[in-house]
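Data from structure12.cif: mmCIF, C-alpha atoms
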data_entry
loop_
_atom_site.group_PDB
_atom_site.id
_atom_site.type_symbol
_atom_site.label_atom_id
_atom_site.label_comp_id
_atom_site.auth_asym_id
_atom_site.auth_seq_id
_atom_site.Cartn_x
_atom_site.Cartn_y
_atom_site.Cartn_z
ATOM 1 C CA MET R 1 -51.814 60.558 12.423
ATOM 2 C CA LEU R 2 -49.688 63.427 13.696
ATOM 3 C CA HIS R 3 -47.007 60.908 14.560
ATOM 4 C CA ALA R 4 -47.023 59.603 10.973
ATOM 5 C CA ILE R 5 -46.732 63.081 9.430
ATOM 6 C CA ALA R 6 -43.868 63.996 11.779
ATOM 7 C CA PHE R 7 -42.135 60.704 11.026
ATOM 8 C CA TYR R 8 -42.283 61.141 7.243
ATOM 9 C CA VAL R 9 -41.189 64.781 7.343
ATOM 10 C CA LEU R 10 -38.253 64.006 9.649
ATOM 11 C CA SER R 11 -37.291 60.966 7.558
ATOM 12 C CA ALA R 12 -37.187 63.116 4.438
ATOM 13 C CA PHE R 13 -34.971 65.636 6.236
ATOM 14 C CA ILE R 14 -32.649 62.947 7.637
ATOM 15 C CA LEU R 15 -32.164 61.128 4.335
ATOM 16 C CA GLY R 16 -31.940 64.319 2.267
ATOM 17 C CA PHE R 17 -29.276 65.845 4.477
ATOM 18 C CA ALA R 18 -27.397 62.527 4.594
ATOM 19 C CA VAL R 19 -27.284 62.434 0.784
ATOM 20 C CA LEU R 20 -26.069 66.048 0.752
ATOM 21 C CA VAL R 21 -23.331 65.170 3.288
ATOM 22 C CA ILE R 22 -21.807 62.537 1.036
ATOM 23 C CA SER R 23 -22.413 64.301 -2.294
ATOM 24 C CA THR R 24 -21.322 67.907 -1.664
ATOM 25 C CA ARG R 25 -17.891 68.751 -3.027
ATOM 26 C CA ASN R 26 -17.129 71.489 -0.502
ATOM 27 C CA THR R 27 -16.127 69.793 2.767
ATOM 28 C CA VAL R 28 -17.246 72.710 4.965
ATOM 29 C CA HIS R 29 -20.759 72.557 3.463
ATOM 30 C CA SER R 30 -20.708 68.817 4.069
ATOM 31 C CA VAL R 31 -20.029 69.366 7.778
ATOM 32 C CA LEU R 32 -22.852 71.916 8.001
ATOM 33 C CA TYR R 33 -25.299 69.475 6.393
ATOM 34 C CA LEU R 34 -24.126 66.934 8.978
ATOM 35 C CA VAL R 35 -25.261 69.326 11.756
ATOM 36 C CA LEU R 36 -28.731 69.572 10.181
ATOM 37 C CA ASN R 37 -28.861 65.788 9.841
ATOM 38 C CA PHE R 38 -28.013 65.357 13.543
ATOM 39 C CA LEU R 39 -30.661 67.901 14.566
ATOM 40 C CA ALA R 40 -33.297 66.030 12.525
ATOM 41 C CA VAL R 41 -32.274 62.783 14.226
ATOM 42 C CA ALA R 42 -32.608 64.527 17.616
ATOM 43 C CA ALA R 43 -36.149 65.580 16.659
ATOM 44 C CA LEU R 44 -36.876 61.953 15.771
ATOM 45 C CA TYR R 45 -35.721 60.956 19.272
ATOM 46 C CA VAL R 46 -38.195 63.439 20.777
ATOM 47 C CA LEU R 47 -40.885 61.798 18.632
ATOM 48 C CA LEU R 48 -39.865 58.455 20.155
ATOM 49 C CA THR R 49 -40.187 59.943 23.698
ATOM 50 C CA ALA R 50 -36.421 59.693 24.301
ATOM 51 C CA GLN R 51 -35.962 63.279 25.469
ATOM 52 C CA PHE R 52 -32.701 62.708 27.335
ATOM 53 C CA LEU R 53 -31.111 61.085 24.303
ATOM 54 C CA ALA R 54 -32.309 63.972 22.121
ATOM 55 C CA ALA R 55 -30.571 66.455 24.437
ATOM 56 C CA ILE R 56 -27.408 64.328 24.390
ATOM 57 C CA GLN R 57 -27.570 64.163 20.590
ATOM 58 C CA VAL R 58 -27.731 67.943 20.282
ATOM 59 C CA LEU R 59 -25.016 68.557 22.900
ATOM 60 C CA VAL R 60 -22.506 65.856 21.971
ATOM 61 C CA TYR R 61 -23.036 65.375 18.237
ATOM 62 C CA ALA R 62 -24.292 68.704 16.925
ATOM 63 C CA GLY R 63 -22.309 70.680 19.498
ATOM 64 C CA GLY R 64 -19.121 68.723 20.128
ATOM 65 C CA ILE R 65 -18.204 66.272 17.417
ATOM 66 C CA VAL R 66 -19.191 68.566 14.552
ATOM 67 C CA VAL R 67 -17.052 71.405 15.944
ATOM 68 C CA LEU R 68 -14.153 68.930 16.042
ATOM 69 C CA TYR R 69 -14.756 68.077 12.370
ATOM 70 C CA LEU R 70 -14.989 71.750 11.457
ATOM 71 C CA PHE R 71 -11.672 72.443 13.211
ATOM 72 C CA VAL R 72 -9.937 69.674 11.255
ATOM 73 C CA VAL R 73 -11.483 70.777 7.937
ATOM 74 C CA MET R 74 -10.242 74.321 8.558
ATOM 75 C CA LEU R 75 -6.785 73.101 9.662
ATOM 76 C CA VAL R 76 -6.051 70.901 6.670
ATOM 77 C CA ASN R 77 -6.978 73.704 4.192
ATOM 78 C CA LEU R 78 -7.104 71.776 0.905
ATOM 79 C CA LYS R 79 -6.109 73.574 -2.245
ATOM 80 C CA ARG R 80 -7.377 70.760 -4.428
ATOM 81 C CA PRO R 81 -10.149 68.357 -3.298
ATOM 82 C CA PRO R 82 -9.050 64.704 -3.358
ATOM 83 C CA GLU R 83 -11.702 63.880 -5.970
ATOM 84 C CA ASP R 84 -9.763 65.891 -8.562
ATOM 85 C CA HIS R 85 -6.887 63.443 -8.566
ATOM 86 C CA SER R 86 -7.525 60.779 -11.145
ATOM 87 C CA SER R 87 -6.734 57.259 -10.101
ATOM 88 C CA PRO R 88 -7.255 54.582 -12.732
ATOM 89 C CA GLN R 89 -7.172 51.603 -10.409
ATOM 90 C CA ARG R 90 -10.023 52.890 -8.251
ATOM 91 C CA ARG R 91 -13.471 51.827 -9.392
ATOM 92 C CA SER R 92 -16.311 53.538 -7.571
ATOM 93 C CA TRP R 93 -19.010 51.244 -9.010
ATOM 94 C CA ILE R 94 -17.771 48.530 -6.632
ATOM 95 C CA GLY R 95 -18.892 50.756 -3.767
ATOM 96 C CA PHE R 96 -22.370 51.158 -5.227
ATOM 97 C CA ALA R 97 -22.597 47.425 -5.980
ATOM 98 C CA LEU R 98 -21.633 46.458 -2.420
ATOM 99 C CA ALA R 99 -24.052 49.025 -0.979
ATOM 100 C CA GLY R 100 -26.824 47.595 -3.182
ATOM 101 C CA LEU R 101 -25.993 44.119 -1.920
ATOM 102 C CA VAL R 102 -26.311 45.257 1.712
ATOM 103 C CA LEU R 103 -29.586 47.037 0.841
ATOM 104 C CA ALA R 104 -30.971 43.824 -0.694
ATOM 105 C CA GLU R 105 -29.926 41.895 2.409
ATOM 106 C CA LEU R 106 -31.575 44.372 4.775
ATOM 107 C CA GLY R 107 -34.687 44.437 2.574
ATOM 108 C CA ALA R 108 -34.886 40.652 2.755
ATOM 109 C CA ILE R 109 -34.604 40.799 6.542
ATOM 110 C CA VAL R 110 -37.386 43.401 6.763
ATOM 111 C CA THR R 111 -39.586 41.481 4.310
ATOM 112 C CA PHE R 112 -39.160 37.931 5.531
ATOM 113 C CA GLY R 113 -38.326 38.478 9.176
ATOM 114 C CA SER R 114 -41.209 39.100 11.533
ATOM 115 C CA VAL R 115 -40.997 41.337 14.558
ATOM 116 C CA VAL R 116 -43.542 40.425 17.212
ATOM 117 C CA ALA R 117 -43.528 43.145 19.818
ATOM 118 C CA PRO R 118 -45.948 43.438 22.704
ATOM 119 C CA THR R 119 -47.900 46.668 22.647
ATOM 120 C CA GLY R 120 -47.413 48.804 25.709
ATOM 121 C CA PRO R 121 -50.411 49.856 27.774
ATOM 122 C CA ASP R 122 -50.307 53.540 26.861
ATOM 123 C CA MET R 123 -47.374 54.694 24.754
ATOM 124 C CA GLU R 124 -47.594 58.450 25.201
ATOM 125 C CA MET R 125 -48.183 58.445 28.952
ATOM 126 C CA SER R 126 -45.943 55.530 29.871
ATOM 127 C CA ASP R 127 -43.409 55.636 32.678
ATOM 128 C CA LEU R 128 -40.476 55.640 30.263
ATOM 129 C CA ALA R 129 -41.834 58.692 28.440
ATOM 130 C CA LEU R 130 -42.776 60.712 31.503
ATOM 131 C CA HIS R 131 -39.763 59.908 33.683
ATOM 132 C CA ASN R 132 -37.245 59.449 30.931
ATOM 133 C CA VAL R 133 -34.167 60.851 32.685
ATOM 134 C CA GLU R 134 -34.915 59.009 35.930
ATOM 135 C CA GLN R 135 -35.420 55.706 34.134
ATOM 136 C CA ILE R 136 -32.236 56.053 32.056
ATOM 137 C CA GLY R 137 -30.226 57.191 35.067
ATOM 138 C CA MET R 138 -31.501 54.286 37.141
ATOM 139 C CA LEU R 139 -30.512 51.781 34.448
ATOM 140 C CA LEU R 140 -27.163 53.479 33.815
ATOM 141 C CA TYR R 141 -26.087 53.546 37.459
ATOM 142 C CA THR R 142 -27.385 50.114 38.548
ATOM 143 C CA ASP R 143 -27.537 47.442 35.847
ATOM 144 C CA TYR R 144 -25.060 49.076 33.461
ATOM 145 C CA LEU R 145 -22.596 50.555 35.945
ATOM 146 C CA ILE R 146 -19.598 48.508 34.720
ATOM 147 C CA PRO R 147 -20.152 49.371 31.013
ATOM 148 C CA PHE R 148 -20.613 53.002 32.069
ATOM 149 C CA GLU R 149 -17.232 53.007 33.832
ATOM 150 C CA VAL R 150 -15.613 51.231 30.884
ATOM 151 C CA ALA R 151 -17.030 53.932 28.585
ATOM 152 C CA SER R 152 -15.534 56.656 30.776
ATOM 153 C CA MET R 153 -12.190 54.815 30.672
ATOM 154 C CA LEU R 154 -12.460 54.598 26.875
ATOM 155 C CA LEU R 155 -13.058 58.336 26.624
ATOM 156 C CA LEU R 156 -10.033 59.048 28.841
ATOM 157 C CA VAL R 157 -7.794 56.795 26.749
ATOM 158 C CA ALA R 158 -9.136 58.336 23.531
ATOM 159 C CA MET R 159 -8.427 61.835 24.865
ATOM 160 C CA VAL R 160 -4.837 60.950 25.778
ATOM 161 C CA GLY R 161 -4.386 59.162 22.451
ATOM 162 C CA ALA R 162 -5.715 62.096 20.443
ATOM 163 C CA ILE R 163 -3.351 64.507 22.233
ATOM 164 C CA VAL R 164 -0.357 62.187 21.672
ATOM 165 C CA LEU R 165 -1.228 61.764 17.980
ATOM 166 C CA ALA R 166 -1.860 65.400 17.203
ATOM 167 C CA LYS R 167 1.066 66.864 19.156
ATOM 168 C CA ARG R 168 4.010 67.892 17.029
ATOM 169 C CA GLU R 169 6.681 66.526 19.353
ATOM 170 C CA LEU R 170 6.331 65.056 22.814
ATOM 171 C CA MET E 171 -49.699 53.797 11.942
ATOM 172 C CA ILE E 172 -45.919 53.923 12.264
ATOM 173 C CA THR E 173 -44.504 50.529 13.202
ATOM 174 C CA PRO E 174 -40.914 49.572 14.097
ATOM 175 C CA THR E 175 -40.605 48.345 10.515
ATOM 176 C CA HIS E 176 -40.856 51.949 9.295
ATOM 177 C CA TYR E 177 -38.018 52.926 11.600
ATOM 178 C CA MET E 178 -36.014 49.903 10.455
ATOM 179 C CA VAL E 179 -36.403 50.962 6.822
ATOM 180 C CA LEU E 180 -35.338 54.533 7.656
ATOM 181 C CA SER E 181 -32.371 53.185 9.601
ATOM 182 C CA ALA E 182 -31.391 50.832 6.761
ATOM 183 C CA ALA E 183 -31.592 53.672 4.225
ATOM 184 C CA LEU E 184 -29.403 55.915 6.389
ATOM 185 C CA PHE E 185 -26.970 53.018 6.874
ATOM 186 C CA ILE E 186 -26.781 52.437 3.095
ATOM 187 C CA ILE E 187 -26.117 56.145 2.463
ATOM 188 C CA GLY E 188 -23.265 55.925 4.980
ATOM 189 C CA VAL E 189 -21.863 52.792 3.320
ATOM 190 C CA ILE E 190 -21.973 54.456 -0.118
ATOM 191 C CA GLY E 191 -20.147 57.455 1.357
ATOM 192 C CA VAL E 192 -17.408 55.224 2.795
ATOM 193 C CA MET E 193 -17.037 53.297 -0.460
ATOM 194 C CA VAL E 194 -17.216 56.099 -3.023
ATOM 195 C CA ARG E 195 -15.627 59.220 -1.532
ATOM 196 C CA ARG E 196 -11.861 59.683 -1.321
ATOM 197 C CA ASN E 197 -11.686 62.537 1.180
ATOM 198 C CA ILE E 198 -11.019 60.827 4.511
ATOM 199 C CA ILE E 199 -12.910 63.523 6.452
ATOM 200 C CA ILE E 200 -16.062 62.748 4.422
ATOM 201 C CA ILE E 201 -15.493 59.049 5.109
ATOM 202 C CA PHE E 202 -15.403 59.745 8.854
ATOM 203 C CA MET E 203 -18.656 61.706 8.555
ATOM 204 C CA SER E 204 -20.188 58.738 6.731
ATOM 205 C CA ILE E 205 -19.196 56.534 9.667
ATOM 206 C CA GLU E 206 -21.050 58.963 11.958
ATOM 207 C CA LEU E 207 -24.117 58.567 9.737
ATOM 208 C CA ILE E 208 -23.851 54.777 10.086
ATOM 209 C CA LEU E 209 -23.659 55.036 13.892
ATOM 210 C CA ASN E 210 -26.725 57.321 13.847
ATOM 211 C CA ALA E 211 -28.621 54.706 11.846
ATOM 212 C CA VAL E 212 -27.829 52.135 14.534
ATOM 213 C CA ASN E 213 -29.026 54.556 17.239
ATOM 214 C CA ILE E 214 -32.358 55.145 15.473
ATOM 215 C CA ASN E 215 -32.960 51.399 15.458
ATOM 216 C CA LEU E 216 -32.106 51.068 19.164
ATOM 217 C CA VAL E 217 -34.371 53.940 20.205
ATOM 218 C CA ALA E 218 -37.248 52.779 17.989
ATOM 219 C CA PHE E 219 -37.269 49.376 19.655
ATOM 220 C CA SER E 220 -36.843 50.965 23.071
ATOM 221 C CA TYR E 221 -40.047 52.906 22.335
ATOM 222 C CA LYS E 222 -41.904 49.882 21.025
ATOM 223 C CA LEU E 223 -40.965 47.574 23.903
ATOM 224 C CA GLN E 224 -41.157 50.367 26.524
ATOM 225 C CA ASN E 225 -37.746 49.334 27.813
ATOM 226 C CA GLY E 226 -35.038 51.882 28.586
ATOM 227 C CA VAL E 227 -32.095 49.575 27.837
ATOM 228 C CA GLY E 228 -32.135 50.533 24.152
ATOM 229 C CA GLN E 229 -31.603 54.178 25.060
ATOM 230 C CA VAL E 230 -28.771 53.248 27.449
ATOM 231 C CA PHE E 231 -27.029 51.411 24.629
ATOM 232 C CA ALA E 232 -27.565 54.388 22.328
ATOM 233 C CA ILE E 233 -25.717 56.526 24.914
ATOM 234 C CA PHE E 234 -22.822 54.049 24.827
ATOM 235 C CA VAL E 235 -22.789 54.229 21.022
ATOM 236 C CA ILE E 236 -22.562 58.041 21.243
ATOM 237 C CA ALA E 237 -19.642 57.751 23.695
ATOM 238 C CA VAL E 238 -17.789 55.377 21.362
ATOM 239 C CA ALA E 239 -18.510 57.680 18.395
ATOM 240 C CA ALA E 240 -17.022 60.621 20.291
ATOM 241 C CA ALA E 241 -13.876 58.611 21.102
ATOM 242 C CA GLU E 242 -13.607 57.424 17.493
ATOM 243 C CA ALA E 243 -13.960 60.956 16.134
ATOM 244 C CA ALA E 244 -11.280 62.314 18.497
ATOM 245 C CA VAL E 245 -8.710 59.607 17.711
ATOM 246 C CA GLY E 246 -9.537 59.500 13.992
ATOM 247 C CA LEU E 247 -9.219 63.237 13.524
ATOM 248 C CA GLY E 248 -5.941 63.153 15.486
ATOM 249 C CA ILE E 249 -4.647 60.559 13.042
ATOM 250 C CA ILE E 250 -5.825 62.685 10.084
ATOM 251 C CA LEU E 251 -3.983 65.738 11.450
ATOM 252 C CA ALA E 252 -0.791 63.753 12.085
ATOM 253 C CA PHE E 253 -0.966 62.252 8.594
ATOM 254 C CA TYR E 254 -1.677 65.594 6.938
ATOM 255 C CA ARG E 255 1.337 67.108 8.680
ATOM 256 C CA ASN E 256 3.596 64.456 7.122
ATOM 257 C CA LYS E 257 2.064 63.900 3.678
ATOM 258 C CA GLU E 258 0.046 67.088 2.942
ATOM 259 C CA THR E 259 -2.943 65.066 1.731
ATOM 260 C CA VAL E 260 -6.287 63.686 2.927
ATOM 261 C CA ASN E 261 -6.777 61.470 -0.135
ATOM 262 C CA ILE E 262 -7.141 57.854 0.960
ATOM 263 C CA ASP E 263 -5.635 56.629 -2.314
ATOM 264 C CA GLU E 264 -2.324 58.167 -1.222
ATOM 265 C CA MET E 265 -2.489 56.673 2.293
ATOM 266 C CA ASN E 266 -0.401 53.568 1.715
ATOM 267 C CA VAL E 267 2.403 53.826 4.294
ATOM 268 C CA MET E 268 1.353 50.578 5.947
ATOM 269 C CA ARG E 269 0.671 48.664 2.727
ATOM 270 C CA TRP E 270 2.847 45.525 2.561
#
Any chance you could put this one into C-alpha cells?
Amino acid sequence: MLHAIAFYVLSAFILGFAVLVISTRNTVHSVLYLVLNFLAVAALYVLLTAQFLAAIQVLVYAGGIVVLYLFVVMLVNLKRPPEDHSSPQRRSWIGFALAGLVLAELGAIVTFGSVVAPTGPDMEMSDLALHNVEQIGMLLYTDYLIPFEVASMLLLVAMVGAIVLAKREL
Amino acid sequence: MITPTHYMVLSAALFIIGVIGVMVRRNIIIIFMSIELILNAVNINLVAFSYKLQNGVGQVFAIFVIAVAAAEAAVGLGIILAFYRNKETVNIDEMNVMRW
C-alpha cells in the first residue's frame, strides 16, 4: 500500500517536471526543472531497492550533467529564444503525430504483450536489496569487466573530444 | 499492487514526453535535455525489471546507460559551444552547414 502511494506520487512528480522541462520558455528554468525530475527518478530508484543507482543518479545526473547544461546555457546567453523565429516550413504537428504513433505502439505492447515474471521469495529483505553495492560491484568487476573498461575508454575519448571541440584554437 | 506494467507505463510516458520535446522544440539545448529524459525512461524500465526478477544485471546496465549519457552530454554540449561561436545561434532550423 505504501509502495503504491509512493509510486503514484513520484510518478506525478516525474511526469510533471518532465512536461515543465520541455514546455518552459526560459532555458534556465528548464534546466532547474530537469534537476527536480532527476531527483524524483532517484527517489524512485530507492523505492525499487536500487540504492547505489540512486546515489549515482544524484551525483552524476543532478550534480554533474546538469551543471554542464547550466554552464552552456549561461555561456550562449540568448537575446532572443529560438522559438521566436518564425519558420514556415517547420510543422510541429508532425512531432505530436509521431509521438502519438509511438505511444499507440507502446500501449499495444503493454496491452497485448504478457510479462511473466517469477516472484522473488521476499522482495524487501532480498539479497539484492540488502547488499546492493556488493552485488552490483561483484557483477561489474566479474561478468561485466570488459564492458566496464570499454565504458571508461568511452568516457576518456568523450573528454578529449569535448576539449578539442570546445577549444578556440589548438 | 504495483506491477512491472505500472513502471512500463510510467517509462513509456516519460519516453513520449522526451520524444515530443525532441520533435517540437527548436532550442538545441532543450532537445539535449529531452534526450536525457528518454535515457532516464530506459533506466526506469531496467531497474523495475531488475527489482522484479531480483537480478542485479539490470542495474549494471543502467550504470552503463548513465556513463553513455554523460559522454553524450559532454560531446554534444562541446559541439553546441563550437557551433554557437561560429553562427551565434542555437536554433536547429539554422543548423544546415552539412545539408547537401
Q: Could you tell me which residues the PyMOL selection byres ((chain R) within 6 of (chain E)) returns for this structure, as a PyMOL selection string?
A: chain R and resi 4+22+48+82+92+95+99+155+158+162+165-166
(Q) One decimal, in Å: what's the spacing between CA of Ile205 (chain E) and CA of Asn266 (chain E)? (A)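 Atom-to-atom, CA of Ile205 (chain E) and CA of Asn266 (chain E) are spaced 20.6 Å apart.
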Q: Pick out the residues sitting within 12 Å of Met74 (chain R), and hand them over as a PyMOL selection string; count all atoms listed in the file, and ignore anything fewer than 3 positions along from it in its own chain.
A: (chain R and resi 26-29+31+67-71+77-79) or (chain E and resi 199+251)
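Within the 7 Å cut-off around region 51-60 of chain R, using all atoms listed in the file and omitting residues fewer than 4 positions from it on the same chain, the listed residues are Leu39, Ala42, Ala43, Tyr45, Val46, Gly64, Ile65, Asn132 and Val133 of chain R; Gln229 of chain E.
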Q. Just how far from CA of Val110 (chain R) is CA of Asn37 (chain R), in Å to one decimal?
A. 24.2 Å
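When the PyMOL selection byres ((chain R and resi 11-20) around 7) is evaluated on the file shown here, the picked residues come out as Phe7, Tyr8, Val9, Leu10, Val21, Ile22, Ser23, Thr24, Ser30, Tyr33, Leu34, Leu36, Asn37, Ala40 and Val41 of chain R; Leu180, Leu184 and Ile187 of chain E.
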Q | Separation of CA of Asn256 (chain E) from CA of Val76 (chain R), in Å and rounded to one decimal | A | 11.6 Å
Q: Find the residue from R:Leu47, R:Phe148, R:Val160, R:Tyr141 that sits nearest to Ile5 (chain R); use only C-alpha atoms when measuring.
A: R:Leu47
